[in-house]
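Trainee: This is the structure I have questions about; it appears just below.
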Amino acid sequence: MSSELLKVEKLFATVEGTQILNGLDLTVGEGETHVIMGPNGAGKSTLGNVIMGNPVYSVDSGHIYFDGQDITALKTDERARLGIFISFQSPQEVPGITLEQFMRASRSAVTGKPLKVFAFQKEMKGVMETLSMDHSYAGRDLNVGFSGGEKKKAEILQMLMMNPRLAILDETDSGLDVDAVKVVSEGIRQFKKEGNSLIIITHNARILEGLKVDYTHVLSKGRIIKSGDSSLVDEIERDGFKGIDGAEQE
Amino acid sequence: MEKDAKKCVRDVDHSLYDFRDEDNSSFKTSAGLTPEIVSQISDEKHDPEWMREFRQESLKIYNGMKMSDWGPPIDGLNMDDIVTYVRPDTEMKGKWSEVPDDIKNTFEKLGIPEAERKSLAGVGAQYDSEVVYHNVREEVAAQGVVYTDMESAINGEYADMVKEHFMKLVPPTDHKFAALHGAVWSGGSFVYVPPGVKVDIPLQSYFRLNAAGAGQFEHTLIIVDKGAYLHFIEGCSAPKYSVANLHAGCVELFVAEGAWLRYSTIENWSKNMYNLNTKRSLIEKDGTMEWVSGSFGSHTSYLYPMTILKGDHSRMEYTGITFAGRDQQLDTGAKVAHVGKNTSSHIVAKSISKSGGECVFRSSVTVGKAASGTKSAVTCDSLMLDSESRSDTIPAMDIRNDSADIGHEARIGRISDDAVFYLMSRGISEEDARAMIVSGFAEPVAKELPLEYAVEMNNLIKLEMDNG
């Protein structure tokens, strides 16, 4: 196994008093791609949010390590600056800040250096072309009035521009049409070329096309109940979760 | 906000607006208000006879009127303490190099000559009560545009025009502070744009109070003749003093048939200022009035620019933002009277309150019996940054015509935690994330302002956010 980038250890987390994660363990190595599947309500999105440090969730016990550092107590922005990224299922709409302004603020916050505006714009334009995003979106208010598909593309755009060491994709494929899934998958493949790590939370295999999956995990009732290689994805695609011991039925 | 902008913002601190020069004024009235003092003002101003009488009449009205009892408290204001008239020790200057150094420093700290270098049409900056620096760019003057201080106007070529319009829209009987203004007004700007003339670049003036305990009663009179076009910008700031300061200015705007006027203001009075300003405009047929207003400073503000849509098909838009921090009670809004047929008004107001600050949005829409086909929409969004702050919305409507199409919308909210988390997930600190969201909230107003004012407004928001 390659060197450990993320290690989640016996993680227990609650939201508004409800237990969601029940002693979850997960290790993601440098450059690996992990797929997390599981029935609705299993805690998949919670896992992503807790790794990112969403204060809505409270971690009651357990630890999260990133590149050997215990980040369990770090704030969200500190985690982002270490190289953790999440593509949200329903990204927030923020009026009065354009997508480009936001991404520039983000880039300079992460690098800690003033950015070269012209070069940044050029780079951004290139990535937007890869994602078949109309360039006018750069000047529009962040996610405001974007269609579901454009919001997801904007998330992938941010991922490619930030180039984090670990990206968590939370249901990035949901609500996308076939063409959009292709475009997003292409974006993900580009990201992988850089040798970064990925956690893909998904319901179906479409988004994984052309992507080398190293591990597949089944999450149920707040813990991983089964892990395997990419063939587990096909198995679940075919049979659902019913053949897996301990999984809730959908 | 990228890194560069942030750095530049941090470089600005409150002391920028709080510097103060030694009081070397050549003439100062004794505190408190008597017919003798008002007469002294007339002497000093070389008032024509009608203005001498007007001042004395206004003083009588002032003495006979009660203080208003409907807004935020103004008990802290003792009129006997207010020195009403302070004239800086300098004559009016047309060249920057001739302006005395301490006054020049004040303006330099406020960035006024730079603003001019950036090719703004003219700079009329008011230091205390007199215009000390006034320079209309030649091409604007060549178009026949008159931009001068009120004292010159009242005795000059346009004396009759001034007499015909002066305090006709805001009569001294309007309220106690209008009467006070009529008695002691001093300084301000007169602008006349001849028919069909389009002034491409904004005219701007910057008001500033200097002497402790001095009131500011500048009068602005703007007449935009038929089919003409003007953007006028007024910026206000004053340094901090322990004595309560009063600002009771008056702005009268006349927009003739088919004319267009935009009046933009950023007010950043110091935190002990009572800002009791009256602004009113009269719009003829097919005329357009646009107000852009940012209120940040002052201890207490009463500010409701009013538009009278007299002519058919006249229209107005108001875009305003108010930011109240600790110990501030800012009561702002807009008024519109629909008189002509098929007139329209659109009021968009935003307010932010923080650290116990109180924002009240007050609007008044009246539609007269004959005003058929009126359209009016009022929107008010309020953002409260903590639980000790307050925000109220008081909309009033008096509709006397059945065909009117009237809309009102009010929203009060807080910064969404989800939005803060979203921005933080991209590496932006919590403090910056909140500031970005607040700036974003204010952006619809900022984008209506010329760039340097929009930057100033964002700086002010950032300052207010940091002073937590």
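Just remember, in the structure tokens the first chain shown is A, the second B, etc., residues are 1-based per chain, and ligands are 1-based in the order shown.
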Starting from chain A, keep only residues with some atom at most 7 Å from an atom of chain B, counting only C-alpha atoms, and report them as a PyMOL selection string.

Mentor: chain A and resi 52+54+76-78+80-81+85+92+94-97+101+104-106+108-110+114

Trainee: Could you save the residues just selected, with N, CA, C and O atoms, as a PDB file, in the first residue's frame?

Mentor:
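The file below, result-v1.pdb, is the result:
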```
ATOM      1  N   MET A  52     -14.305  17.207   6.427  1.00  0.00           N
ATOM      2  CA  MET A  52     -14.084  18.623   6.089  1.00  0.00           C
ATOM      3  C   MET A  52     -14.232  19.520   7.313  1.00  0.00           C
ATOM      4  O   MET A  52     -13.866  20.693   7.284  1.00  0.00           O
ATOM      5  N   ASN A  54     -17.224  20.203   9.153  1.00  0.00           N
ATOM      6  CA  ASN A  54     -18.472  20.967   9.260  1.00  0.00           C
ATOM      7  C   ASN A  54     -18.915  21.046  10.721  1.00  0.00           C
ATOM      8  O   ASN A  54     -19.170  20.028  11.359  1.00  0.00           O
ATOM      9  N   THR A  76     -12.356  24.160   9.521  1.00  0.00           N
ATOM     10  CA  THR A  76     -12.571  23.807   8.118  1.00  0.00           C
ATOM     11  C   THR A  76     -11.547  24.457   7.184  1.00  0.00           C
ATOM     12  O   THR A  76     -10.980  23.801   6.312  1.00  0.00           O
ATOM     13  N   ASP A  77     -11.319  25.773   7.365  1.00  0.00           N
ATOM     14  CA  ASP A  77     -10.412  26.461   6.436  1.00  0.00           C
ATOM     15  C   ASP A  77      -8.981  25.952   6.572  1.00  0.00           C
ATOM     16  O   ASP A  77      -8.238  25.889   5.596  1.00  0.00           O
ATOM     17  N   GLU A  78      -8.607  25.541   7.813  1.00  0.00           N
ATOM     18  CA  GLU A  78      -7.259  24.998   8.011  1.00  0.00           C
ATOM     19  C   GLU A  78      -7.110  23.663   7.282  1.00  0.00           C
ATOM     20  O   GLU A  78      -6.081  23.379   6.676  1.00  0.00           O
ATOM     21  N   ALA A  80      -8.792  22.815   4.645  1.00  0.00           N
ATOM     22  CA  ALA A  80      -8.752  23.107   3.208  1.00  0.00           C
ATOM     23  C   ALA A  80      -7.338  23.519   2.788  1.00  0.00           C
ATOM     24  O   ALA A  80      -6.852  23.115   1.738  1.00  0.00           O
ATOM     25  N   ARG A  81      -6.692  24.296   3.672  1.00  0.00           N
ATOM     26  CA  ARG A  81      -5.352  24.760   3.323  1.00  0.00           C
ATOM     27  C   ARG A  81      -4.318  23.635   3.358  1.00  0.00           C
ATOM     28  O   ARG A  81      -3.282  23.711   2.724  1.00  0.00           O
ATOM     29  N   PHE A  85     -10.488  18.738   0.100  1.00  0.00           N
ATOM     30  CA  PHE A  85     -11.533  19.411  -0.664  1.00  0.00           C
ATOM     31  C   PHE A  85     -12.773  18.532  -0.676  1.00  0.00           C
ATOM     32  O   PHE A  85     -12.688  17.314  -0.689  1.00  0.00           O
ATOM     33  N   GLN A  92     -23.876  25.814  -1.759  1.00  0.00           N
ATOM     34  CA  GLN A  92     -24.583  27.028  -1.342  1.00  0.00           C
ATOM     35  C   GLN A  92     -24.590  28.095  -2.434  1.00  0.00           C
ATOM     36  O   GLN A  92     -23.631  28.230  -3.181  1.00  0.00           O
ATOM     37  N   VAL A  94     -24.313  32.001  -3.018  1.00  0.00           N
ATOM     38  CA  VAL A  94     -23.854  33.174  -2.275  1.00  0.00           C
ATOM     39  C   VAL A  94     -23.972  34.416  -3.167  1.00  0.00           C
ATOM     40  O   VAL A  94     -23.159  34.622  -4.067  1.00  0.00           O
ATOM     41  N   PRO A  95     -24.968  35.262  -2.945  1.00  0.00           N
ATOM     42  CA  PRO A  95     -25.150  36.437  -3.797  1.00  0.00           C
ATOM     43  C   PRO A  95     -24.063  37.485  -3.582  1.00  0.00           C
ATOM     44  O   PRO A  95     -23.522  37.615  -2.490  1.00  0.00           O
ATOM     45  N   GLY A  96     -23.751  38.193  -4.661  1.00  0.00           N
ATOM     46  CA  GLY A  96     -22.843  39.340  -4.557  1.00  0.00           C
ATOM     47  C   GLY A  96     -21.368  38.997  -4.676  1.00  0.00           C
ATOM     48  O   GLY A  96     -20.526  39.882  -4.641  1.00  0.00           O
ATOM     49  N   ILE A  97     -21.030  37.703  -4.795  1.00  0.00           N
ATOM     50  CA  ILE A  97     -19.634  37.309  -5.022  1.00  0.00           C
ATOM     51  C   ILE A  97     -19.630  36.477  -6.295  1.00  0.00           C
ATOM     52  O   ILE A  97     -20.380  35.510  -6.380  1.00  0.00           O
ATOM     53  N   GLN A 101     -14.341  35.703  -8.481  1.00  0.00           N
ATOM     54  CA  GLN A 101     -13.840  36.375  -7.264  1.00  0.00           C
ATOM     55  C   GLN A 101     -13.630  35.359  -6.146  1.00  0.00           C
ATOM     56  O   GLN A 101     -12.631  35.381  -5.430  1.00  0.00           O
ATOM     57  N   ARG A 104     -10.648  33.187  -6.816  1.00  0.00           N
ATOM     58  CA  ARG A 104      -9.403  33.922  -6.601  1.00  0.00           C
ATOM     59  C   ARG A 104      -9.105  34.057  -5.106  1.00  0.00           C
ATOM     60  O   ARG A 104      -7.968  33.882  -4.665  1.00  0.00           O
ATOM     61  N   ALA A 105     -10.164  34.361  -4.340  1.00  0.00           N
ATOM     62  CA  ALA A 105      -9.995  34.486  -2.882  1.00  0.00           C
ATOM     63  C   ALA A 105      -9.508  33.159  -2.319  1.00  0.00           C
ATOM     64  O   ALA A 105      -8.618  33.097  -1.467  1.00  0.00           O
ATOM     65  N   SER A 106     -10.103  32.092  -2.822  1.00  0.00           N
ATOM     66  CA  SER A 106      -9.761  30.760  -2.356  1.00  0.00           C
ATOM     67  C   SER A 106      -8.309  30.416  -2.707  1.00  0.00           C
ATOM     68  O   SER A 106      -7.543  29.954  -1.863  1.00  0.00           O
ATOM     69  N   SER A 108      -5.800  32.436  -3.286  1.00  0.00           N
ATOM     70  CA  SER A 108      -4.778  33.151  -2.503  1.00  0.00           C
ATOM     71  C   SER A 108      -4.820  32.763  -1.035  1.00  0.00           C
ATOM     72  O   SER A 108      -3.798  32.796  -0.362  1.00  0.00           O
ATOM     73  N   ALA A 109      -5.992  32.357  -0.530  1.00  0.00           N
ATOM     74  CA  ALA A 109      -6.054  31.887   0.860  1.00  0.00           C
ATOM     75  C   ALA A 109      -5.246  30.597   1.010  1.00  0.00           C
ATOM     76  O   ALA A 109      -4.539  30.403   1.998  1.00  0.00           O
ATOM     77  N   VAL A 110      -5.342  29.722   0.014  1.00  0.00           N
ATOM     78  CA  VAL A 110      -4.665  28.433   0.106  1.00  0.00           C
ATOM     79  C   VAL A 110      -3.160  28.575  -0.112  1.00  0.00           C
ATOM     80  O   VAL A 110      -2.356  27.990   0.601  1.00  0.00           O
ATOM     81  N   PRO A 114      -0.170  36.522  -3.084  1.00  0.00           N
ATOM     82  CA  PRO A 114      -1.041  37.256  -4.016  1.00  0.00           C
ATOM     83  C   PRO A 114      -1.018  36.565  -5.369  1.00  0.00           C
ATOM     84  O   PRO A 114       0.023  36.067  -5.792  1.00  0.00           O
TER      85      PRO A 114
END
```

Trainee: List the spatial neighbours of range 221-235 of chain B as a ChimeraX atom specification - criterion: any atom at most 8 Å away, only C-alpha atoms, same-chain residues fewer than 2 positions off excluded.

Mentor: /B:150,162,165-166,189-207,219,237,251-268

Trainee: If you run DSSP over the backbone, which residues in range 44-234 of chain A end up alpha helix (DSSP H)? Put them as a PyMOL selection string.

Mentor: chain A and resi 44-52+76-82+99-111+117-130+148-162+178-193+231-234

Trainee: If we count only C-alpha atoms and set the cut-off at 8 Å, which residues sit around Met167 in chain B, ignoring sequence neighbours fewer than 4 positions away in its own chain? Please answer as a CSV table (one decimal) with N, CA and C atoms, in the first residue's frame.

Mentor:
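Here's the written file out09.csv:
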```
chain,number,residue,atom,x,y,z
B,171,PRO,N,-39.6,73.5,2.6
B,171,PRO,CA,-39.8,74.8,3.2
B,171,PRO,C,-39.4,74.8,4.7
B,172,PRO,N,-39.1,75.9,5.3
B,172,PRO,CA,-38.6,75.9,6.7
B,172,PRO,C,-39.7,75.4,7.6
B,182,GLY,N,-32.9,76.8,7.4
B,182,GLY,CA,-33.2,78.0,6.7
B,182,GLY,C,-32.6,79.2,7.4
B,252,GLU,N,-32.0,70.0,-2.5
B,252,GLU,CA,-33.2,70.2,-3.3
B,252,GLU,C,-32.8,70.0,-4.7
```

Trainee: Show which residues sit within 10 Å of Gly175 in chain A, as a PyMOL selection string. Count only C-alpha atoms, and ignore same-chain residues fewer than 3 positions away.

Mentor: chain A and resi 89+147-149+152+171-172+178+180-181

Trainee: Could you write out the selected residues, including N, CA, C and O atoms, as a CSV table (one decimal), in the first residue's frame?

Mentor:
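Okay, part00.csv is ready:
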```csv
chain,number,residue,atom,x,y,z
A,89,GLN,N,-22.9,18.1,-2.5
A,89,GLN,CA,-24.1,17.6,-3.1
A,89,GLN,C,-25.0,18.8,-3.5
A,89,GLN,O,-25.5,18.8,-4.6
A,147,SER,N,-28.1,25.9,-12.7
A,147,SER,CA,-28.9,24.7,-12.8
A,147,SER,C,-28.1,23.7,-11.9
A,147,SER,O,-26.9,23.9,-11.6
A,148,GLY,N,-28.8,22.5,-11.6
A,148,GLY,CA,-28.1,21.5,-10.8
A,148,GLY,C,-26.8,21.1,-11.4
A,148,GLY,O,-25.8,20.9,-10.8
A,149,GLY,N,-26.9,20.9,-12.8
A,149,GLY,CA,-25.7,20.4,-13.5
A,149,GLY,C,-24.5,21.5,-13.4
A,149,GLY,O,-23.4,21.1,-13.3
A,152,LYS,N,-22.7,21.5,-10.1
A,152,LYS,CA,-21.8,20.4,-10.0
A,152,LYS,C,-20.5,20.6,-10.8
A,152,LYS,O,-19.4,20.4,-10.3
A,171,GLU,N,-21.8,12.6,-4.0
A,171,GLU,CA,-23.0,12.5,-5.0
A,171,GLU,C,-22.8,13.5,-6.1
A,171,GLU,O,-23.8,14.1,-6.5
A,172,THR,N,-21.6,13.6,-6.6
A,172,THR,CA,-21.4,14.6,-7.7
A,172,THR,C,-22.2,14.2,-9.0
A,172,THR,O,-22.6,15.1,-9.7
A,178,VAL,N,-26.6,12.4,-19.0
A,178,VAL,CA,-25.5,11.6,-19.5
A,178,VAL,C,-24.3,12.4,-20.0
A,178,VAL,O,-23.1,12.1,-19.6
A,180,ALA,N,-23.4,15.5,-19.1
A,180,ALA,CA,-22.8,16.2,-18.0
A,180,ALA,C,-21.9,15.2,-17.2
A,180,ALA,O,-20.8,15.5,-16.8
A,181,VAL,N,-22.4,13.9,-17.1
A,181,VAL,CA,-21.6,12.9,-16.3
A,181,VAL,C,-20.3,12.7,-17.1
A,181,VAL,O,-19.3,12.6,-16.4
```

Trainee: Excluding range 366-372 of chain B and residues on its chain fewer than 6 positions from it, collect all residues at most 12 Å away from it, counting only C-alpha atoms, and give them as an MDAnalysis selection string.

Mentor: chainID B and resid 306:314 334:345 395:406

Trainee: Next, dump the selected residues to file, keeping only C-alpha atoms, as an mmCIF file, in the first residue's frame.

Mentor:
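Dumped to again-v7.cif:
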```cif
data_model
loop_
_atom_site.group_PDB
_atom_site.id
_atom_site.type_symbol
_atom_site.label_atom_id
_atom_site.label_comp_id
_atom_site.auth_asym_id
_atom_site.auth_seq_id
_atom_site.Cartn_x
_atom_site.Cartn_y
_atom_site.Cartn_z
ATOM 1 C CA MET B 306 -38.146 62.071 -0.987
ATOM 2 C CA THR B 307 -39.186 62.115 -4.612
ATOM 3 C CA ILE B 308 -42.252 63.869 -5.924
ATOM 4 C CA LEU B 309 -43.224 62.312 -9.245
ATOM 5 C CA LYS B 310 -45.190 65.272 -10.492
ATOM 6 C CA GLY B 311 -45.034 64.797 -14.258
ATOM 7 C CA ASP B 312 -46.662 61.962 -16.195
ATOM 8 C CA HIS B 313 -44.376 59.017 -16.895
ATOM 9 C CA SER B 314 -41.786 60.266 -14.433
ATOM 10 C CA ALA B 334 -37.164 56.693 1.180
ATOM 11 C CA LYS B 335 -40.376 58.514 0.415
ATOM 12 C CA VAL B 336 -42.171 58.847 -2.846
ATOM 13 C CA ALA B 337 -45.298 60.741 -3.838
ATOM 14 C CA HIS B 338 -46.950 59.649 -7.067
ATOM 15 C CA VAL B 339 -48.800 62.632 -8.473
ATOM 16 C CA GLY B 340 -48.716 62.388 -12.290
ATOM 17 C CA LYS B 341 -50.095 59.555 -14.375
ATOM 18 C CA ASN B 342 -48.188 56.362 -15.188
ATOM 19 C CA THR B 343 -45.342 57.116 -12.827
ATOM 20 C CA SER B 344 -43.159 54.418 -11.311
ATOM 21 C CA SER B 345 -40.983 54.006 -8.265
ATOM 22 C CA PRO B 395 -43.447 50.712 5.549
ATOM 23 C CA ALA B 396 -46.277 53.220 5.123
ATOM 24 C CA MET B 397 -48.601 53.355 2.144
ATOM 25 C CA ASP B 398 -51.380 55.720 1.272
ATOM 26 C CA ILE B 399 -53.002 54.636 -1.966
ATOM 27 C CA ARG B 400 -55.908 56.704 -3.325
ATOM 28 C CA ASN B 401 -56.149 55.368 -6.845
ATOM 29 C CA ASP B 402 -57.532 51.913 -7.661
ATOM 30 C CA SER B 403 -55.360 51.349 -10.710
ATOM 31 C CA ALA B 404 -52.106 51.435 -8.703
ATOM 32 C CA ASP B 405 -49.845 48.405 -8.817
ATOM 33 C CA ILE B 406 -48.037 48.310 -5.481
#
```

Trainee: Which is closest to Gly71 in chain B among B:Ile394, B:Leu460, B:Ile412, B:Cys250, if we use only C-alpha atoms?

Mentor: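 Looking at the shortest contact to Gly71 in chain B, the residue is B:Ile394.
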
Trainee: If we count only C-alpha atoms and set the cut-off at 8 Å, which residues sit around range 185-194 of chain A, ignoring sequence neighbours fewer than 2 positions away in its own chain? Please answer as a CSV table (one decimal) with N, CA, C and O atoms, in the first residue's frame.

Mentor:
```
chain,number,residue,atom,x,y,z
A,31,GLY,N,-2.7,8.9,-3.7
A,31,GLY,CA,-2.9,8.6,-5.1
A,31,GLY,C,-4.0,7.5,-5.3
A,31,GLY,O,-4.3,7.1,-6.4
A,130,THR,N,-12.7,22.7,-20.7
A,130,THR,CA,-12.6,21.3,-20.5
A,130,THR,C,-14.0,20.8,-20.0
A,130,THR,O,-14.4,19.7,-20.3
A,131,LEU,N,-14.6,21.6,-19.1
A,131,LEU,CA,-15.9,21.2,-18.5
A,131,LEU,C,-17.1,21.6,-19.2
A,131,LEU,O,-18.2,21.5,-18.7
A,156,ILE,N,-16.5,20.9,-9.6
A,156,ILE,CA,-15.4,20.2,-10.2
A,156,ILE,C,-14.4,21.3,-10.7
A,156,ILE,O,-13.1,21.1,-10.6
A,157,LEU,N,-14.9,22.4,-11.2
A,157,LEU,CA,-14.0,23.5,-11.6
A,157,LEU,C,-13.1,23.9,-10.5
A,157,LEU,O,-11.9,24.1,-10.6
A,159,MET,N,-12.4,22.2,-7.8
A,159,MET,CA,-11.5,21.1,-7.5
A,159,MET,C,-10.2,21.2,-8.4
A,159,MET,O,-9.1,21.1,-7.9
A,160,LEU,N,-10.5,21.4,-9.7
A,160,LEU,CA,-9.3,21.4,-10.6
A,160,LEU,C,-8.4,22.6,-10.4
A,160,LEU,O,-7.2,22.5,-10.5
A,163,ASN,N,-6.7,22.0,-7.0
A,163,ASN,CA,-5.8,20.8,-7.0
A,163,ASN,C,-5.4,20.3,-5.6
A,163,ASN,O,-4.2,20.2,-5.3
A,181,VAL,N,-22.4,13.9,-17.1
A,181,VAL,CA,-21.6,12.9,-16.3
A,181,VAL,C,-20.3,12.7,-17.1
A,181,VAL,O,-19.3,12.6,-16.4
A,182,LYS,N,-20.4,12.6,-18.4
A,182,LYS,CA,-19.1,12.4,-19.2
A,182,LYS,C,-18.1,13.5,-18.9
A,182,LYS,O,-17.0,13.3,-18.7
A,183,VAL,N,-18.7,14.8,-19.0
A,183,VAL,CA,-17.8,15.9,-18.8
A,183,VAL,C,-17.2,15.9,-17.4
A,183,VAL,O,-16.0,16.1,-17.2
A,196,ASN,N,-3.3,12.7,-7.2
A,196,ASN,CA,-4.1,13.1,-6.0
A,196,ASN,C,-5.0,11.9,-5.5
A,196,ASN,O,-5.2,10.9,-6.3
A,197,SER,N,-5.5,12.0,-4.3
A,197,SER,CA,-6.4,10.9,-3.8
A,197,SER,C,-7.8,11.4,-3.9
A,197,SER,O,-8.1,12.6,-3.9
A,198,LEU,N,-8.7,10.4,-4.0
A,198,LEU,CA,-10.1,10.6,-4.2
A,198,LEU,C,-11.0,9.8,-3.3
A,198,LEU,O,-10.7,8.6,-3.2
A,207,ILE,N,-20.3,7.4,-13.1
A,207,ILE,CA,-19.3,8.4,-13.0
A,207,ILE,C,-17.9,7.8,-12.9
A,207,ILE,O,-16.9,8.5,-13.1
A,208,LEU,N,-17.9,6.5,-12.6
A,208,LEU,CA,-16.6,5.8,-12.4
A,208,LEU,C,-15.9,5.3,-13.7
A,208,LEU,O,-14.8,4.9,-13.7
A,209,GLU,N,-16.7,5.5,-14.8
A,209,GLU,CA,-16.2,5.0,-16.0
A,209,GLU,C,-14.8,5.6,-16.4
A,209,GLU,O,-14.6,6.8,-16.3
A,210,GLY,N,-13.9,4.7,-16.8
A,210,GLY,CA,-12.6,5.2,-17.2
A,210,GLY,C,-11.7,5.5,-16.0
A,210,GLY,O,-10.7,6.1,-16.2
A,211,LEU,N,-12.2,5.3,-14.8
A,211,LEU,CA,-11.4,5.6,-13.7
A,211,LEU,C,-10.9,4.4,-13.0
A,211,LEU,O,-11.7,3.4,-12.8
```

Trainee: Report as a PyMOL selection string: the residues of range 209-393 of chain B with a DSSP assignment of strand (DSSP E), based on the backbone of this structure.

Mentor: chain B and resi 219-224+229-237+245-247+250-255+260-268+273-276+278-283+288-295+300-303+306-309+315-324+329-338+344-353+358-367+375-384+390-393

Trainee: Of the candidates A:Gly126, A:Asn40, A:Leu26, A:Leu5, which shows the shortest atom-to-atom distance to Lys221 in chain A, using only C-alpha atoms?

Mentor: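 Among the listed residues, A:Asn40 lies closest to Lys221 in chain A.
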
Trainee: Which is closer to Gly29 in chain A than all the others in A:Met124, A:Met161, A:Ile199, A:Leu47, using only C-alpha atoms?

Mentor: A:Ile199

Trainee: Rounded to one decimal in Å, what is the spacing between CA of Asp25 in chain A and CA of Lys7 in chain A?

Mentor: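 CA of Asp25 in chain A sits 7.6 Å away from CA of Lys7 in chain A.
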